[in-house]
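Below you'll find the structure, written out as structure tokens, and then a few comments.
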2 protein chains.
Amino acid sequence: MRRPTLEAVAARAGVSRATASRVVNGQTTVAPHIRDAVLRAIDELGYVPNSAARSLVTQRTDSIALVISEPGTRVFSDDPWFAMAIRSASMELEEANKQVVLMMASNAKSHARVERYIAGGHVDGVMLISMHGADPLPAALSRLRVPVVSYGRPAVPVDIPYVDNDNVGGAEAGVKHLVESGRRRIATIAGPQDMIAGQDRLTGYRNVLRDSDLRSIVAVGDFTRESGAVAMRQLLGDDPSLDAVFVANDLMAIGALQSLRQAGRRVPDDVAVVGFDDIEAAKYTEPPLTTLRHPVIEQAAAMVRLLLGLFEGEPADPMILPTELVIRESA
Amino acid sequence: MRRPTLEAVAARAGVSRATASRVVNGQTTVAPHIRDAVLRAIDELGYVPNSAARSLVTQRTDSIALVISEPGTRVFSDDPWFAMAIRSASMELEEANKQVVLMMASNAKSHARVERYIAGGHVDGVMLISMHGADPLPAALSRLRVPVVSYGRPAVPVDIPYVDNDNVGGAEAGVKHLVESGRRRIATIAGPQDMIAGQDRLTGYRNVLRDSDLRSIVAVGDFTRESGAVAMRQLLGDDPSLDAVFVANDLMAIGALQSLRQAGRRVPDDVAVVGFDDIEAAKYTEPPLTTLRHPVIEQAAAMVRLLLGLFEGEPADPMILPTELVIRESA
DNA sequence: ATTGGATGAGAGAGCGCTCTCTCAAGAGAT
DNA sequence: ATCTCTTGAGAGAGCGCTCTCTCATCCAAT
């Protein structure tokens, strides 16, 4: 009752194992009638190649690790971002007939696990999703001589090609929009400063304010709704006269909207709000959120292509994808 | 420059390959000093076992397929649900030293792919996330003689153990809450009726209304915000005097809140709203949403334990986890 | 001193596949 | 008719590991 082997197929088709293998692997040097006989045998026996045996000899596994290097709690908390990236990357990889092995690297223990696994040659390549500056994983993986690409620019300069969106440029566009609509006291709720996206979006904010010599007012959150609400209350306390806030992601912007509502401020009349990410929920806030859209789906797909290109020996240059200001009612 | 093999380790430690294998696999029949010598060799060479070779002989792969059988667009759209389930299951499996192979079965083509892959013996077991009644995959997989567990009760009665939450009971509790707070015209926005969760939650609603002889008013959505908004407008048109609505999930409830706001109805004064799922966003709506919490994380973890139990030959009984009414301001 | 277990370690088969090497057969050129 | 060249198919090694079988060694019991 075990699964049929290539040997069995060959026997049934009356050919050698080598010939059966040729047919399975689509080589053209097989005469049509023999080819048909083998295919019939495969069909009749329900033969499926044993991948362990195959990858033992080919040294390929046709699978790719998708490593998510974040504290587990944050990963999927509520930010649709990760999920979309995973879905997109995963579908793109399936298209290329690669298996996706999902790995969470949430702490030192799992980091070690991941490294061991990758070092063990279980996968042909690695897609790394890591947004933390202090993350040792990008450096560790780049030492492993396995093709690695990263979603998001690695904080430490390390020789890994990556795909990222233009956080600085996006933030600049958002803040400029506020300046141009006449706002004078523009605060920001920045993201965590140990994350590249958090840093870059703050940089964008600062760039614009510097040029227009407005004063910067900064509170820092951690990309969760709750932290956005807290930061907004703090900003209102610091400077009750603020008339706009650029929030480093939509989730925090949603929290900020709640605090503004509780403080009796009308949006956008009293305070304009601009978010970042354009998550689905941004359309359903009260009022709907003006925000910066970046193409997560395309970005993940681009990352996959980058990795597949690496296999082909193509040069791997980082890609920066543009963001787009989506104007709704909040600013 | 290839990876060291067990042979190399054995040679360096001055023992046979068999003994080295014993040490690697933690067998106790090895004398301590020999054991140490082997471990030292492993360390010095940076030896990592080749999993292809290992699973070729052991017939185990130590990996589990996590199959998501949904149209791709819906999967991660914005519902945090899938993502949480994946994260939880994935972490639980890593704990048990199993690899997670993520597979999207979004159409007929990928269904075939998944079946082939599973049939190919690439994985030791399957965790299936499928919420669609018409899905042929549960039946197909159960034929494959591979241990399979399902997240959510399979629509077709098929011999697969599953973990689900008490959708009927939860809906009953939600609607009862509305009845008990004096609401008389209680509508519902049901989920898609080709999904078990959609059906069961509607059943719960009907059960309660039947007992309290109130009239049922039903609109059907597809679990997205947008469909919730549309359904709510429709309900208001059908019966302008409705004073409560039980919505089959929070995402649709958010859409419904938006429509109610646009129609000038106050929540909960004019219309009470109860959702289902208790997603994070439910806390941040205006007003915060009364809803039914079900423990996605625990549910996914339970599913993993169910599967691991199957490997040990334990009996696999379906599990139904209870839901909890979370009362906030919307009802 | 002889026997009889334990105990620890090695030899070697074999998991299912790919791929190189070899060779047979037929086609075309001389 | 002979030789070369192409084409198609088989033989067999070997990928890295596990695991059974076998055997050597040591110690206690006779």
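For the structure tokens, the naming scheme is as follows: chains receive sequential letters (A, B, ...) according to their order of presentation, residues are indexed from 1 within each chain, and ligands are indexed from 1 in presentation order.
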
Output as JSON lines one row per residue of chain D within 9 Å of range 7-30 of chain C: the closest atom pair and its distance in Å to one decimal place, counting only C-alpha atoms (C1' of nucleotides), sorted by chain and residue number ascending.
```
{"residue": "D:DT2", "atom": "C1'", "partner": "C:DT30", "partner_atom": "C1'", "distance": 8.6}
{"residue": "D:DC3", "atom": "C1'", "partner": "C:DT30", "partner_atom": "C1'", "distance": 8.0}
{"residue": "D:DT4", "atom": "C1'", "partner": "C:DA29", "partner_atom": "C1'", "distance": 7.9}
{"residue": "D:DC5", "atom": "C1'", "partner": "C:DG28", "partner_atom": "C1'", "distance": 8.3}
{"residue": "D:DT6", "atom": "C1'", "partner": "C:DA27", "partner_atom": "C1'", "distance": 8.0}
{"residue": "D:DT7", "atom": "C1'", "partner": "C:DG26", "partner_atom": "C1'", "distance": 8.6}
{"residue": "D:DG8", "atom": "C1'", "partner": "C:DA25", "partner_atom": "C1'", "distance": 8.8}
{"residue": "D:DA9", "atom": "C1'", "partner": "C:DA24", "partner_atom": "C1'", "distance": 8.7}
{"residue": "D:DG10", "atom": "C1'", "partner": "C:DC23", "partner_atom": "C1'", "distance": 8.6}
{"residue": "D:DA11", "atom": "C1'", "partner": "C:DT22", "partner_atom": "C1'", "distance": 8.1}
{"residue": "D:DC15", "atom": "C1'", "partner": "C:DC17", "partner_atom": "C1'", "distance": 8.9}
{"residue": "D:DC17", "atom": "C1'", "partner": "C:DC15", "partner_atom": "C1'", "distance": 8.9}
{"residue": "D:DC21", "atom": "C1'", "partner": "C:DA11", "partner_atom": "C1'", "distance": 8.9}
{"residue": "D:DT22", "atom": "C1'", "partner": "C:DA11", "partner_atom": "C1'", "distance": 8.1}
{"residue": "D:DC23", "atom": "C1'", "partner": "C:DG10", "partner_atom": "C1'", "distance": 8.4}
{"residue": "D:DA24", "atom": "C1'", "partner": "C:DA9", "partner_atom": "C1'", "distance": 8.6}
{"residue": "D:DT25", "atom": "C1'", "partner": "C:DG8", "partner_atom": "C1'", "distance": 8.5}
{"residue": "D:DC26", "atom": "C1'", "partner": "C:DT7", "partner_atom": "C1'", "distance": 8.4}
```

Please find the residues of chain B near chain D - the criterion being any atom within 7 Å, counting only C-alpha atoms (C1' of nucleotides) - and write them as a ChimeraX atom specification. /B:5,50,53-54,57-58

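Checking B:Thr224, B:Gln258, B:Gln234, B:Ser130 one by one against chain A, counting only C-alpha atoms, you find the shortest gap at B:Gln258.
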
Range 102-150 of chain A: residues DSSP assigns to helix (DSSP H, G or I), reported as a PyMOL selection string: chain A and resi 108-119+137-142

Spatial neighbours of Val148 in chain A, 10 Å, only C-alpha atoms (C1' of nucleotides), chain gap at least 3 places, as a list in words: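 In the requested form, the answer reads Ile64, Ala65, Asp124, Gly125, Val126, Met127, Leu128, Pro138, Leu141, Ser142, Arg143, Leu144, Arg145, Asp159, Ile160, Pro161, Tyr162, Leu306, Leu307 and Leu310 of chain A.
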
Interatomic distance (Å, one decimal) between CA of Ala20 in chain A and CA of Ala8 in chain A: 9.6 Å

Identify all chain A residues at most 12 Å from chain C by counting only C-alpha atoms (C1' of nucleotides); ligands do not count. Present them as a PyMOL selection string. chain A and resi 3-8+17-22+24-25+48-60

Please produce a file of the residues just selected, as a compact mmCIF listing (two decimals), in the first residue's frame, where the atoms kept are N, CA and C atoms.
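Printed below is selection.txt as written:
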```txt
# COMPACT_ATOMS: atom_id res chain seq x y z
N ARG A 3 3.21 4.17 -2.04
CA ARG A 3 3.05 4.89 -3.28
C ARG A 3 3.90 4.28 -4.38
N PRO A 4 3.41 4.33 -5.61
CA PRO A 4 4.17 3.74 -6.71
C PRO A 4 5.43 4.56 -6.96
N THR A 5 6.49 3.86 -7.35
CA THR A 5 7.74 4.54 -7.64
C THR A 5 7.95 4.60 -9.15
N LEU A 6 8.98 5.29 -9.50
CA LEU A 6 9.30 5.42 -10.91
C LEU A 6 9.60 4.05 -11.50
N GLU A 7 10.22 3.24 -10.67
CA GLU A 7 10.52 1.85 -11.04
C GLU A 7 9.25 1.13 -11.50
N ALA A 8 8.19 1.29 -10.71
CA ALA A 8 6.92 0.63 -11.02
C ALA A 8 6.36 1.15 -12.34
N ARG A 17 13.93 2.68 -16.04
CA ARG A 17 13.65 3.78 -15.12
C ARG A 17 14.13 5.11 -15.71
N ALA A 18 15.24 5.04 -16.40
CA ALA A 18 15.80 6.27 -16.97
C ALA A 18 14.84 6.90 -17.97
N THR A 19 14.27 6.06 -18.78
CA THR A 19 13.33 6.57 -19.78
C THR A 19 12.08 7.16 -19.11
N ALA A 20 11.59 6.46 -18.11
CA ALA A 20 10.44 6.97 -17.38
C ALA A 20 10.78 8.34 -16.80
N SER A 21 11.96 8.45 -16.26
CA SER A 21 12.39 9.73 -15.70
C SER A 21 12.41 10.81 -16.77
N ARG A 22 12.89 10.45 -17.93
CA ARG A 22 12.92 11.42 -19.03
C ARG A 22 11.52 11.95 -19.32
N VAL A 24 8.90 11.96 -17.32
CA VAL A 24 8.42 12.76 -16.19
C VAL A 24 8.99 14.17 -16.24
N ASN A 25 10.25 14.26 -16.63
CA ASN A 25 10.87 15.57 -16.63
C ASN A 25 10.78 16.27 -17.98
N VAL A 48 3.20 9.88 -8.47
CA VAL A 48 3.62 11.25 -8.17
C VAL A 48 5.08 11.17 -7.72
N PRO A 49 5.95 11.95 -8.32
CA PRO A 49 7.37 11.85 -7.97
C PRO A 49 7.60 12.12 -6.48
N ASN A 50 8.52 11.44 -5.92
CA ASN A 50 8.90 11.67 -4.53
C ASN A 50 9.89 12.83 -4.47
N SER A 51 9.44 13.89 -3.84
CA SER A 51 10.26 15.10 -3.88
C SER A 51 11.52 14.98 -3.05
N ALA A 52 11.47 14.19 -2.01
CA ALA A 52 12.67 14.04 -1.19
C ALA A 52 13.77 13.40 -2.02
N ALA A 53 13.41 12.34 -2.71
CA ALA A 53 14.39 11.65 -3.54
C ALA A 53 14.90 12.58 -4.63
N ARG A 54 13.98 13.30 -5.20
CA ARG A 54 14.37 14.19 -6.27
C ARG A 54 15.32 15.28 -5.78
N SER A 55 14.96 15.90 -4.66
CA SER A 55 15.81 17.01 -4.26
C SER A 55 17.11 16.52 -3.64
N LEU A 56 17.12 15.26 -3.24
CA LEU A 56 18.37 14.69 -2.76
C LEU A 56 19.41 14.70 -3.88
N VAL A 57 18.97 14.37 -5.07
CA VAL A 57 19.94 14.33 -6.16
C VAL A 57 20.08 15.67 -6.88
N THR A 58 19.02 16.41 -7.01
CA THR A 58 19.15 17.67 -7.74
C THR A 58 19.70 18.80 -6.89
N GLN A 59 19.67 18.64 -5.60
CA GLN A 59 20.10 19.70 -4.69
C GLN A 59 19.21 20.94 -4.77
N ARG A 60 18.02 20.75 -5.31
CA ARG A 60 17.06 21.84 -5.27
C ARG A 60 15.84 21.38 -4.49
```

Can you work out which one of A:Lys176, A:Arg215, A:Arg265, A:Arg225 has the shortest atom-to-atom distance to chain B, counting only C-alpha atoms?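 The answer is A:Arg225, which sits nearest to chain B.
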
Would you give me, as a ChimeraX atom specification, the residues in range 156-312 of chain A that DSSP reads as strand (DSSP E)? /A:162-165,186-190,217-220,244-247,272-274,291-293

For chain B, the closest of A:Asp194, A:Asp36, A:Glu70, A:Asp222 counting only C-alpha atoms is A:Glu70

Need to verify the contact set: Gly169 in chain A, 12 Å, only C-alpha atoms (C1' of nucleotides), exclusion of same-chain residues closer than 3 positions in sequence. Can you return it as a ChimeraX atom specification? /A:164-166,172-176,197,200-208,276,292-294,320-325
